[in-house]
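Next up, query20.txt (compact mmCIF, C-alpha atoms and all ligand atoms):
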```
# COMPACT_ATOMS: atom_id res chain seq x y z
CA MET A 124 138.41 181.31 222.02
CA SER A 125 137.91 184.89 223.17
CA THR A 126 135.94 185.79 226.25
CA GLY A 127 135.74 189.49 225.38
CA ARG A 128 137.55 190.50 228.55
CA VAL A 129 140.22 193.21 228.55
CA LYS A 130 142.28 191.96 231.46
CA PRO A 131 144.66 189.14 230.42
CA LEU A 132 144.54 187.66 233.94
CA LEU A 133 140.76 187.26 233.70
CA ARG A 134 141.05 185.78 230.22
CA ALA A 135 143.42 183.08 231.47
CA LEU A 136 141.14 182.45 234.45
CA ALA A 137 138.24 181.96 232.02
CA GLY A 138 140.26 179.23 230.28
CA GLU A 139 141.87 181.13 227.40
CA VAL A 140 145.32 180.12 226.21
CA LEU A 141 147.41 183.25 225.62
CA ALA A 142 150.64 183.54 223.61
CA VAL A 143 151.99 185.91 226.28
CA PRO A 144 150.90 184.66 229.70
CA PRO A 145 149.57 187.06 232.33
CA TRP A 146 151.92 187.30 235.29
CA TRP A 147 152.29 188.56 238.82
CA LEU A 148 154.46 187.46 241.74
CA MET A 149 153.47 186.39 245.23
CA ARG A 150 154.95 189.00 247.62
CA GLN A 151 155.57 191.31 244.66
CA ALA A 152 155.40 194.28 247.03
CA GLY A 153 157.91 194.22 249.83
CA ARG A 154 161.43 194.43 251.10
CA TYR A 155 163.29 193.71 247.84
CA LEU A 156 162.03 197.09 246.52
CA PRO A 157 163.90 200.22 247.73
CA GLU A 158 160.72 202.32 247.47
CA TYR A 159 158.97 199.84 249.82
CA ARG A 160 161.79 199.99 252.36
CA GLN A 161 161.70 203.78 252.24
CA LEU A 162 157.96 203.95 252.90
CA ARG A 163 158.13 201.16 255.49
CA GLY A 164 160.68 203.23 257.43
CA LYS A 165 158.07 205.96 257.93
CA VAL A 166 155.55 203.84 259.87
CA ARG A 167 155.94 202.35 263.31
CA ASP A 168 154.88 198.85 262.42
CA PHE A 169 153.67 196.58 259.68
CA ILE A 170 150.05 196.39 260.92
CA GLU A 171 149.81 200.17 260.84
CA LEU A 172 151.03 200.06 257.23
CA CYS A 173 148.32 197.51 256.35
CA LEU A 174 145.61 199.65 258.02
CA THR A 175 146.58 203.02 256.50
CA PRO A 176 144.84 203.07 253.10
CA PRO A 177 146.91 205.74 251.28
CA LEU A 178 150.16 203.97 252.26
CA ALA A 179 148.90 200.41 251.66
CA ALA A 180 147.54 201.50 248.26
CA GLU A 181 150.87 203.09 247.36
CA VAL A 182 152.79 199.94 248.33
CA THR A 183 150.34 197.80 246.31
CA LEU A 184 150.97 199.94 243.23
CA GLN A 185 154.79 200.18 243.51
CA PRO A 186 155.69 196.90 241.76
CA VAL A 187 153.02 197.35 239.08
CA ARG A 188 154.34 200.80 238.24
CA ARG A 189 157.90 199.49 237.95
CA TYR A 190 157.28 196.26 236.06
CA GLY A 191 153.76 196.33 234.56
CA MET A 192 152.54 193.04 236.04
CA SER A 193 149.12 191.84 234.81
CA ALA A 194 147.77 192.17 238.34
CA ALA A 195 148.19 194.09 241.54
CA ILE A 196 147.69 192.14 244.76
CA LEU A 197 146.24 194.02 247.69
CA PHE A 198 148.95 194.83 250.23
CA SER A 199 147.86 193.32 253.53
CA ASP A 200 148.53 190.07 255.39
CA ILE A 201 146.66 186.82 256.03
CA LEU A 202 146.97 187.54 259.77
CA MET A 203 144.85 190.70 259.59
CA LEU A 204 141.75 188.54 260.06
CA PRO A 205 142.84 187.08 263.44
CA HIS A 206 143.95 190.59 264.39
CA ALA A 207 140.45 191.92 263.54
CA LEU A 208 138.87 189.02 265.47
CA GLY A 209 140.61 190.35 268.57
CA GLN A 210 143.71 188.16 268.81
CA ARG A 211 146.79 190.13 269.81
CA LEU A 212 149.30 190.26 266.93
CA THR A 213 152.73 191.84 266.55
CA PHE A 214 155.32 191.70 263.76
CA ARG A 215 158.91 192.09 264.89
CA GLU A 216 161.64 192.96 262.41
CA GLY A 217 163.31 189.78 261.19
CA GLU A 218 161.31 187.51 263.53
CA GLY A 219 157.99 187.16 261.76
CA PRO A 220 154.56 187.33 263.37
CA ALA A 221 153.80 186.67 267.04
CA LEU A 222 150.23 186.01 268.22
CA GLU A 223 148.82 185.31 271.65
CA ALA A 224 148.27 181.58 271.13
CA ILE A 225 144.78 180.09 271.21
CA GLU A 226 144.75 176.60 272.67
CA ASP A 227 141.18 175.60 273.44
CA ARG A 228 137.47 176.22 272.89
CA HIS A 229 137.31 178.91 275.58
CA ALA A 230 139.72 181.11 273.69
CA ILE A 231 137.52 180.82 270.58
CA ALA A 232 134.58 182.29 272.51
CA ARG A 233 136.55 185.50 272.94
CA LEU A 234 136.92 186.01 269.16
CA ASP A 235 134.29 188.38 267.84
CA LEU A 236 133.15 187.87 264.25
CA ASP A 237 130.66 190.78 264.28
CA ARG A 238 133.37 193.19 265.24
CA ALA A 239 135.96 191.83 262.82
CA ILE A 240 134.58 193.03 259.48
CA PRO A 241 134.14 196.67 260.56
CA ARG A 242 137.72 196.61 261.85
CA LEU A 243 138.89 195.54 258.38
CA GLU A 244 137.24 198.54 256.72
CA PRO A 245 140.63 200.28 256.11
CA VAL A 246 141.71 197.25 254.04
CA LEU A 247 138.55 197.59 251.92
CA GLU A 248 139.31 201.30 251.47
CA THR A 249 142.75 200.30 250.16
CA VAL A 250 141.03 198.05 247.59
CA ARG A 251 138.84 200.98 246.46
CA ARG A 252 141.85 203.25 246.08
CA VAL A 253 143.91 200.72 244.14
CA ASN A 254 140.94 199.87 241.94
CA ALA A 255 140.54 203.54 241.03
CA ALA A 256 144.25 203.91 240.21
CA LEU A 257 144.86 200.82 238.05
CA ALA A 258 145.02 200.80 234.24
CA PRO A 259 142.07 199.01 232.57
CA GLN A 260 144.17 195.98 231.61
CA THR A 261 145.50 195.39 235.13
CA ALA A 262 143.51 193.11 237.43
CA LEU A 263 143.23 193.58 241.18
CA ILE A 264 143.62 190.48 243.35
CA GLY A 265 142.09 190.40 246.83
CA PHE A 266 143.10 187.63 249.23
CA ALA A 267 142.80 185.89 252.54
CA GLY A 268 144.52 183.00 254.22
CA SER A 269 142.77 179.64 254.15
CA PRO A 270 141.21 178.57 257.45
CA TRP A 271 143.77 175.80 258.05
CA THR A 272 146.82 178.04 257.61
CA VAL A 273 145.32 180.94 259.56
CA ALA A 274 144.29 178.56 262.36
CA ALA A 275 147.83 177.15 262.35
CA TYR A 276 149.32 180.59 263.11
CA MET A 277 146.56 181.32 265.65
CA VAL A 278 147.19 178.11 267.58
CA GLU A 279 150.99 178.04 267.34
CA GLY A 280 151.24 181.73 268.18
CA GLY A 281 153.42 182.29 265.08
CA GLY A 282 155.38 180.26 262.57
CA SER A 283 156.50 176.73 263.40
CA LYS A 284 158.74 174.00 262.01
CA ASP A 285 156.18 171.20 262.15
CA PHE A 286 152.88 172.73 263.38
CA HIS A 287 152.76 170.16 266.13
CA ARG A 288 150.35 172.05 268.42
CA VAL A 289 147.65 172.73 265.85
CA ARG A 290 147.82 169.19 264.51
CA SER A 291 147.55 167.86 268.06
CA TRP A 292 144.43 169.92 268.76
CA ALA A 293 142.82 168.77 265.52
CA TYR A 294 143.32 165.11 266.52
CA ARG A 295 142.56 165.50 270.26
CA ASP A 296 139.40 167.60 269.97
CA PRO A 297 138.08 167.65 266.39
CA ALA A 298 134.75 169.23 267.40
CA GLY A 299 136.45 172.07 269.24
CA PHE A 300 138.92 172.65 266.42
CA ALA A 301 136.05 172.54 263.89
CA ALA A 302 134.47 175.50 265.73
CA LEU A 303 137.61 177.56 265.07
CA ILE A 304 137.70 176.48 261.41
CA GLU A 305 133.98 177.31 261.00
CA LEU A 306 134.50 180.77 262.48
CA LEU A 307 137.33 181.32 260.01
CA VAL A 308 135.23 180.08 257.08
CA GLN A 309 132.51 182.62 257.91
CA GLY A 310 134.98 185.44 258.56
CA THR A 311 136.86 184.69 255.34
CA VAL A 312 133.69 184.67 253.22
CA GLU A 313 132.61 188.05 254.64
CA TYR A 314 136.09 189.51 254.30
CA LEU A 315 136.50 188.36 250.68
CA ALA A 316 132.95 189.50 249.83
CA GLY A 317 133.89 192.95 251.16
CA GLN A 318 137.03 193.00 248.99
CA ILE A 319 135.04 191.97 245.89
CA ARG A 320 132.42 194.66 246.50
CA ALA A 321 135.25 197.18 246.97
CA GLY A 322 136.68 196.34 243.53
CA ALA A 323 138.77 193.15 243.63
CA ASP A 324 138.45 191.32 240.27
CA VAL A 325 139.74 188.00 241.61
CA VAL A 326 140.45 186.52 245.05
CA GLN A 327 143.21 184.16 246.13
CA LEU A 328 143.28 181.87 249.14
CA PHE A 329 146.77 181.27 250.58
CA ASP A 330 147.15 177.87 252.23
CA SER A 331 150.87 177.94 252.94
CA TRP A 332 150.79 175.00 255.37
CA ALA A 333 148.39 172.69 253.47
CA GLY A 334 151.36 170.34 253.05
CA VAL A 335 151.76 169.24 256.68
CA LEU A 336 148.61 167.09 256.88
CA PRO A 337 147.96 163.42 255.99
CA GLU A 338 145.16 162.49 253.60
CA ALA A 339 142.12 162.38 255.90
CA ALA A 340 143.04 165.52 257.85
CA PHE A 341 143.79 167.29 254.56
CA GLY A 342 140.26 166.45 253.39
CA ARG A 343 138.65 167.70 256.57
CA TRP A 344 140.71 170.82 257.39
CA VAL A 345 141.95 171.95 253.97
CA VAL A 346 139.59 170.71 251.23
CA GLU A 347 136.20 171.00 252.98
CA PRO A 348 136.60 174.51 254.41
CA THR A 349 138.01 175.74 251.07
CA GLN A 350 135.12 174.18 249.20
CA ARG A 351 132.64 175.93 251.52
CA ILE A 352 134.31 179.30 251.02
CA VAL A 353 134.41 178.87 247.23
CA SER A 354 130.74 177.83 246.99
CA GLN A 355 129.58 180.77 249.12
CA ILE A 356 131.68 183.26 247.14
CA LYS A 357 130.40 181.79 243.85
CA ARG A 358 126.79 182.00 245.02
CA ARG A 359 127.18 185.67 245.86
CA PHE A 360 129.56 186.63 243.03
CA PRO A 361 129.15 184.11 240.19
CA ASP A 362 131.62 186.00 237.97
CA CYS A 363 134.43 186.35 240.47
CA PRO A 364 137.22 183.82 239.84
CA VAL A 365 138.92 182.15 242.80
CA ILE A 366 142.59 181.10 242.82
CA ALA A 367 143.91 178.89 245.61
CA PHE A 368 147.46 178.01 246.62
CA PRO A 369 147.67 174.86 248.77
CA ARG A 370 151.45 174.92 249.14
CA GLY A 371 153.03 171.51 249.55
CA ALA A 372 149.84 169.54 248.75
CA GLY A 373 151.90 167.07 246.70
CA PHE A 374 149.90 163.98 245.77
CA LEU A 375 146.74 165.73 247.00
CA TYR A 376 146.82 168.60 244.48
CA GLU A 377 144.59 166.72 242.07
CA ARG A 378 141.90 165.98 244.65
CA TYR A 379 142.06 169.57 245.85
CA VAL A 380 141.36 170.86 242.33
CA LEU A 381 138.55 168.34 241.77
CA LYS A 382 136.74 169.00 245.03
CA THR A 383 137.12 172.70 245.81
CA GLY A 384 135.58 174.26 242.67
CA ILE A 385 138.40 176.80 242.22
CA ASP A 386 139.13 178.46 238.86
CA ALA A 387 142.91 178.34 239.17
CA ILE A 388 145.41 176.33 241.16
CA GLY A 389 148.61 177.88 242.45
CA ILE A 390 151.39 175.27 242.33
CA ASP A 391 154.46 175.37 244.55
CA THR A 392 158.03 175.05 243.32
CA THR A 393 158.17 171.26 243.70
CA VAL A 394 155.22 170.44 241.39
CA PRO A 395 156.50 169.07 238.02
CA ALA A 396 155.26 171.15 235.07
CA ASP A 397 154.42 168.07 233.04
CA TYR A 398 152.26 166.67 235.86
CA ALA A 399 150.47 170.02 236.29
CA ARG A 400 149.86 170.16 232.54
CA LYS A 401 148.32 166.69 232.40
CA ALA A 402 146.57 166.30 235.76
CA LEU A 403 145.56 169.84 236.79
CA GLN A 404 145.32 172.09 233.73
CA PRO A 405 142.38 170.23 232.10
CA ARG A 406 140.31 171.25 235.15
CA ALA A 407 141.67 174.63 236.25
CA ALA A 408 144.03 177.35 235.08
CA VAL A 409 147.50 176.76 236.51
CA GLN A 410 149.48 179.48 238.30
CA GLY A 411 153.16 179.18 239.18
CA ASN A 412 155.81 178.02 239.83
CA LEU A 413 159.28 179.48 239.25
CA ASP A 414 161.64 178.81 242.14
CA PRO A 415 162.05 182.17 243.98
CA VAL A 416 165.74 181.27 244.34
CA ALA A 417 166.11 181.15 240.53
CA LEU A 418 164.71 184.70 240.39
CA ALA A 419 167.13 185.85 243.08
CA VAL A 420 170.08 184.21 241.23
CA GLY A 421 169.07 185.44 237.76
CA GLY A 422 171.13 184.87 234.60
CA ALA A 423 171.04 181.63 232.61
CA ALA A 424 169.25 179.67 235.35
CA LEU A 425 166.38 182.14 235.33
CA GLU A 426 166.10 182.26 231.53
CA ARG A 427 166.11 178.52 231.21
CA ALA A 428 163.53 177.91 233.94
CA VAL A 429 161.16 180.49 232.47
CA ARG A 430 161.54 179.08 228.96
CA GLU A 431 160.84 175.51 230.09
CA MET A 432 157.86 176.47 232.20
CA ARG A 433 156.25 178.45 229.38
CA HIS A 434 156.93 175.65 226.92
CA THR A 435 154.95 173.15 229.03
CA LEU A 436 152.34 175.15 230.94
CA GLY A 437 151.85 177.86 228.29
CA ARG A 438 149.99 175.35 226.11
CA GLY A 439 146.98 175.56 228.45
CA PRO A 440 145.38 178.32 230.53
CA TYR A 441 148.36 179.68 232.45
CA ILE A 442 149.30 182.48 234.83
CA PHE A 443 153.01 182.89 235.36
CA ASN A 444 154.07 183.28 239.01
CA LEU A 445 156.64 182.03 241.50
CA GLY A 446 156.23 178.81 243.49
CA HIS A 447 156.33 180.90 246.70
CA GLY A 448 156.95 184.55 247.59
CA VAL A 449 159.70 186.87 246.26
CA LEU A 450 162.76 186.60 248.53
CA PRO A 451 163.82 189.86 250.24
CA HIS A 452 167.36 189.70 248.79
CA THR A 453 166.12 189.44 245.17
CA PRO A 454 167.82 192.11 243.01
CA PRO A 455 165.04 194.32 241.56
CA GLU A 456 166.77 194.17 238.12
CA HIS A 457 166.03 190.45 237.92
CA VAL A 458 162.30 191.15 238.00
CA GLU A 459 162.88 193.57 235.12
CA VAL A 460 164.66 190.79 233.18
CA LEU A 461 161.77 188.45 233.97
CA SER A 462 159.20 190.93 232.66
CA ARG A 463 161.11 191.11 229.35
CA LEU A 464 161.39 187.32 229.07
CA LEU A 465 157.65 186.99 229.62
CA ALA A 466 156.75 189.64 227.05
CA GLU A 467 158.19 187.58 224.16
CA PRO A 468 155.50 185.48 222.51
CA VAL A 469 156.26 181.77 222.33
CA ALA A 470 155.52 179.98 219.05
CA ALA A 471 152.86 177.28 219.52
O1 LIG B 501 151.90 189.26 247.85
C1 LIG B 501 151.90 190.46 248.16
O2 LIG B 501 152.73 191.28 247.69
C2 LIG B 501 150.77 190.99 249.04
C3 LIG B 501 151.04 191.11 250.43
C4 LIG B 501 151.19 189.88 251.31
C5 LIG B 501 151.98 189.89 252.50
N1 LIG B 501 151.80 188.70 253.14
C6 LIG B 501 152.82 191.02 252.95
C7 LIG B 501 153.83 190.82 253.99
C8 LIG B 501 150.57 188.63 251.24
C9 LIG B 501 149.65 188.06 250.17
C10 LIG B 501 150.95 187.90 252.41
C11 LIG B 501 150.45 186.53 252.71
C12 LIG B 501 151.02 185.81 253.86
N2 LIG B 501 151.33 186.32 255.09
C13 LIG B 501 151.21 184.41 253.91
C14 LIG B 501 150.89 183.45 252.78
C15 LIG B 501 151.95 183.36 251.75
C16 LIG B 501 153.26 182.77 252.20
O3 LIG B 501 154.25 183.52 252.20
O4 LIG B 501 153.29 181.57 252.55
C17 LIG B 501 151.72 184.11 255.17
C18 LIG B 501 152.11 182.73 255.66
C19 LIG B 501 151.78 185.32 255.92
C20 LIG B 501 152.21 185.49 257.35
C21 LIG B 501 153.41 186.33 257.46
N3 LIG B 501 153.45 187.70 257.22
C22 LIG B 501 154.70 185.92 257.85
C23 LIG B 501 155.10 184.50 258.20
C24 LIG B 501 155.52 187.07 257.84
C25 LIG B 501 156.94 187.17 258.29
C26 LIG B 501 157.91 186.66 257.29
C27 LIG B 501 158.33 187.76 256.34
O5 LIG B 501 158.37 187.49 255.14
O6 LIG B 501 158.64 188.85 256.84
C28 LIG B 501 154.72 188.16 257.41
C29 LIG B 501 155.14 189.58 257.21
C30 LIG B 501 154.88 190.22 255.89
N4 LIG B 501 153.75 190.06 255.13
C31 LIG B 501 155.74 191.13 255.21
C32 LIG B 501 155.11 191.51 254.03
C33 LIG B 501 155.59 192.48 253.00
C34 LIG B 501 157.09 191.63 255.74
C35 LIG B 501 156.86 192.63 256.85
C36 LIG B 501 157.69 193.88 256.73
O7 LIG B 501 157.88 194.45 255.63
O8 LIG B 501 158.13 194.35 257.78
```
Would you write the structure of this file as structure tokens?
Ligand code: CP3
Amino acid sequence: MSTGRVKPLLRALAGEVLAVPPWWLMRQAGRYLPEYRQLRGKVRDFIELCLTPPLAAEVTLQPVRRYGMSAAILFSDILMLPHALGQRLTFREGEGPALEAIEDRHAIARLDLDRAIPRLEPVLETVRRVNAALAPQTALIGFAGSPWTVAAYMVEGGGSKDFHRVRSWAYRDPAGFAALIELLVQGTVEYLAGQIRAGADVVQLFDSWAGVLPEAAFGRWVVEPTQRIVSQIKRRFPDCPVIAFPRGAGFLYERYVLKTGIDAIGIDTTVPADYARKALQPRAAVQGNLDPVALAVGGAALERAVREMRHTLGRGPYIFNLGHGVLPHTPPEHVEVLSRLLAEPVAA
């Protein structure tokens, strides 16, 4: 089957099985690259980097220039939406993000959706610049966090071991928490629509903390909001594929694929390839899921893992990726090795 598209990533997303899979890596731009560290040293903070289009565009392009991935992913962060909504956000070196925590309905009233999208205009300008600079075969991926994961950071005020506070709010006051989720659904649709209009070929939703919820809460706070975002994006941009990454969804991956209407499912490191092949790939392209530690270690472990993954998942529509982001201590040469391993066609 040929869909007549030039970009291998879009061909896989349309259901084509390719002898050489398209590939990119979550967190492919970042601290493991010396050219990133050099540029990062020139700006005061990470948010400034995300909101300065020439620099953010340059950082987006750095890994693609080095390794020739099938896609560039916009350089930004899932927390830029809460920042644009008016929540105070800082990133401290080595500590991760810190937000002024939101704990009740009153704090939601202070978030301003109308003001948020104009404040994200520099991110859309970055998309335009990257789009203009990419080779015709390279796709551009726009992204946002999923409402659940973004809400989790907003309520906890940063990362957390168990996301106790946000889970408590969702149980204690579901109507109040639903207002926050609804605001994030609307903001995310507008933000992604802006990225698509600016030149993103595909969008990905990152749901890094989808795995902390039991079945019913997963349905209400992960599946339903995602499904609403996907249907609104599809109504406005019927040709724009959507990838989603509900990290840690475990037994709920299958339901997530069935109910959300996504084109591709990002699988985390723990999802067995054989299960993904049988249960997920008949309904969506599969993206993943090399252990980022195997990439950092390299050598025989890396070669073997890549070979096995391609052998199983490469028989259906497949996008090679990691099961989570590139680790900062990953030697850049290992990504070079990976790019060569992936370029070899695999006999059917
Ligand atoms: O994938 C890419 O290359 C695109 C850029 C990108 C970043 N963050 C850059 C970044 C993307 C897609 C993200 C998504 C993101 N951000 C997620 C979802 C994916 C995941 O990792 O689970 C999450 C949870 C965040 C929130 C976030 N941003 C955290 C928890 C941290 C601190 C931890 C860390 O790795 O530093 C960040 C900071 C961040 N986002 C950095 C980068 C390159 C490091 C900041 C720096 O260079 O100073």
Can you sort out the box for ligand LIG 501 (chain B), edges along x, y and z, all listed atoms in, 6 Å on every side, with centre and edge lengths in Å to one decimal, as JSON?
```
{"center_x": 154.1, "center_y": 188.0, "center_z": 253.0, "size_x": 21.0, "size_y": 24.9, "size_z": 22.6}
```
Chain A near ligand LIG 501 (chain B) within 6 Å: what's each residue's closest atom pair and its distance in Å to one decimal, counting all atoms listed in the file, ordered by chain then ascending residue number, as JSON lines?
```
{"residue": "A:Met149", "atom": "CA", "partner": "B:LIG501", "partner_atom": "O1", "distance": 4.2}
{"residue": "A:Arg150", "atom": "CA", "partner": "B:LIG501", "partner_atom": "O1", "distance": 3.1}
{"residue": "A:Gln151", "atom": "CA", "partner": "B:LIG501", "partner_atom": "O2", "distance": 4.2}
{"residue": "A:Ala152", "atom": "CA", "partner": "B:LIG501", "partner_atom": "O2", "distance": 4.1}
{"residue": "A:Gly153", "atom": "CA", "partner": "B:LIG501", "partner_atom": "C33", "distance": 4.3}
{"residue": "A:Arg154", "atom": "CA", "partner": "B:LIG501", "partner_atom": "O7", "distance": 5.8}
{"residue": "A:Phe169", "atom": "CA", "partner": "B:LIG501", "partner_atom": "O8", "distance": 5.3}
{"residue": "A:Ile196", "atom": "CA", "partner": "B:LIG501", "partner_atom": "C2", "distance": 5.4}
{"residue": "A:Leu197", "atom": "CA", "partner": "B:LIG501", "partner_atom": "C2", "distance": 5.6}
{"residue": "A:Phe198", "atom": "CA", "partner": "B:LIG501", "partner_atom": "C3", "distance": 4.3}
{"residue": "A:Ser199", "atom": "CA", "partner": "B:LIG501", "partner_atom": "C3", "distance": 5.0}
{"residue": "A:Asp200", "atom": "CA", "partner": "B:LIG501", "partner_atom": "N1", "distance": 4.2}
{"residue": "A:Ile201", "atom": "CA", "partner": "B:LIG501", "partner_atom": "N2", "distance": 4.8}
{"residue": "A:Glu216", "atom": "CA", "partner": "B:LIG501", "partner_atom": "O8", "distance": 6.0}
{"residue": "A:Gly219", "atom": "CA", "partner": "B:LIG501", "partner_atom": "C25", "distance": 3.6}
{"residue": "A:Pro220", "atom": "CA", "partner": "B:LIG501", "partner_atom": "C25", "distance": 5.6}
{"residue": "A:Phe329", "atom": "CA", "partner": "B:LIG501", "partner_atom": "C14", "distance": 5.2}
{"residue": "A:Ser331", "atom": "CA", "partner": "B:LIG501", "partner_atom": "O4", "distance": 4.4}
{"residue": "A:Gly448", "atom": "CA", "partner": "B:LIG501", "partner_atom": "O3", "distance": 5.4}
```
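Across the model, the gap from atom CA of A:Thr383 to atom CA of A:Ala396 is 21.1 Å.
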Have a look at A:Leu133, A:Leu208, A:Val273, A:Met203 and name the one nearest to A:Leu234; count all atoms listed in the file.
A:Leu208
Considering only C-alpha atoms, state which residue in the set A:Thr272, A:Cys363, A:Leu306, A:Leu212 is at the smallest distance from A:Asp235.
A:Leu306
Shell of 10 Å around A:Leu425, only C-alpha atoms, local chain residues under 2 positions omitted, as number ranges by chain
A: 413-423, 427-430, 457, 460-461, 464
Just write the chosen residues, C-alpha atoms, as a compact mmCIF listing (two decimals), in the coordinates of the input.
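File out28.txt, as written:
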```txt
# COMPACT_ATOMS: atom_id res chain seq x y z
CA LEU A 413 159.28 179.48 239.25
CA ASP A 414 161.64 178.81 242.14
CA PRO A 415 162.05 182.17 243.98
CA VAL A 416 165.74 181.27 244.34
CA ALA A 417 166.11 181.15 240.53
CA LEU A 418 164.71 184.70 240.39
CA ALA A 419 167.13 185.85 243.08
CA VAL A 420 170.08 184.21 241.23
CA GLY A 421 169.07 185.44 237.76
CA GLY A 422 171.13 184.87 234.60
CA ALA A 423 171.04 181.63 232.61
CA ARG A 427 166.11 178.52 231.21
CA ALA A 428 163.53 177.91 233.94
CA VAL A 429 161.16 180.49 232.47
CA ARG A 430 161.54 179.08 228.96
CA HIS A 457 166.03 190.45 237.92
CA VAL A 460 164.66 190.79 233.18
CA LEU A 461 161.77 188.45 233.97
CA LEU A 464 161.39 187.32 229.07
```
Please supply stretch 355-361 of chain A, rebuilt with all heavy atoms, as a short mmCIF file (atom, residue, chain, number, x, y, z; two decimals), keeping the file's coordinate frame.
```
data_model
loop_
_atom_site.label_atom_id
_atom_site.label_comp_id
_atom_site.auth_asym_id
_atom_site.auth_seq_id
_atom_site.Cartn_x
_atom_site.Cartn_y
_atom_site.Cartn_z
N GLN A 355 130.29 179.57 248.66
CA GLN A 355 129.58 180.77 249.12
C GLN A 355 129.98 182.01 248.32
O GLN A 355 129.13 182.86 248.00
CB GLN A 355 129.84 180.99 250.61
CG GLN A 355 129.13 179.93 251.45
CD GLN A 355 129.27 180.21 252.95
OE1 GLN A 355 128.84 181.26 253.42
NE2 GLN A 355 129.89 179.31 253.67
N ILE A 356 131.25 182.12 247.97
CA ILE A 356 131.68 183.26 247.14
C ILE A 356 131.02 183.17 245.76
O ILE A 356 130.50 184.16 245.23
CB ILE A 356 133.23 183.30 247.01
CG1 ILE A 356 133.87 183.65 248.36
CG2 ILE A 356 133.68 184.26 245.92
CD1 ILE A 356 133.60 185.05 248.88
N LYS A 357 131.00 181.97 245.19
CA LYS A 357 130.40 181.79 243.85
C LYS A 357 128.90 182.08 243.86
O LYS A 357 128.35 182.55 242.87
CB LYS A 357 130.63 180.36 243.36
CG LYS A 357 132.08 180.01 243.10
CD LYS A 357 132.49 180.55 241.76
CE LYS A 357 133.98 180.36 241.55
NZ LYS A 357 134.46 181.04 240.34
N ARG A 358 128.23 181.73 244.95
CA ARG A 358 126.79 182.00 245.02
C ARG A 358 126.54 183.50 245.03
O ARG A 358 125.64 184.00 244.38
CB ARG A 358 126.21 181.36 246.28
CG ARG A 358 124.72 181.12 246.19
CD ARG A 358 124.22 180.17 247.24
NE ARG A 358 124.50 180.69 248.58
CZ ARG A 358 125.00 179.97 249.57
NH1 ARG A 358 125.27 178.70 249.40
NH2 ARG A 358 125.22 180.51 250.75
N ARG A 359 127.39 184.22 245.76
CA ARG A 359 127.18 185.67 245.86
C ARG A 359 127.78 186.45 244.68
O ARG A 359 127.26 187.50 244.31
CB ARG A 359 127.76 186.18 247.18
CG ARG A 359 126.82 185.84 248.33
CD ARG A 359 127.52 185.75 249.65
NE ARG A 359 127.83 187.05 250.23
CZ ARG A 359 128.18 187.20 251.52
NH1 ARG A 359 128.24 186.16 252.33
NH2 ARG A 359 128.45 188.38 251.99
N PHE A 360 128.86 185.93 244.13
CA PHE A 360 129.56 186.63 243.03
C PHE A 360 129.92 185.62 241.96
O PHE A 360 131.07 185.20 241.85
CB PHE A 360 130.84 187.31 243.55
CG PHE A 360 130.61 188.20 244.73
CD1 PHE A 360 130.81 187.74 246.02
CD2 PHE A 360 130.17 189.52 244.56
CE1 PHE A 360 130.59 188.55 247.12
CE2 PHE A 360 129.95 190.35 245.66
CZ PHE A 360 130.15 189.86 246.94
N PRO A 361 128.91 185.21 241.14
CA PRO A 361 129.15 184.11 240.19
C PRO A 361 130.28 184.39 239.20
O PRO A 361 130.90 183.46 238.70
CB PRO A 361 127.81 183.99 239.44
CG PRO A 361 126.80 184.69 240.30
CD PRO A 361 127.53 185.73 241.09
#
```
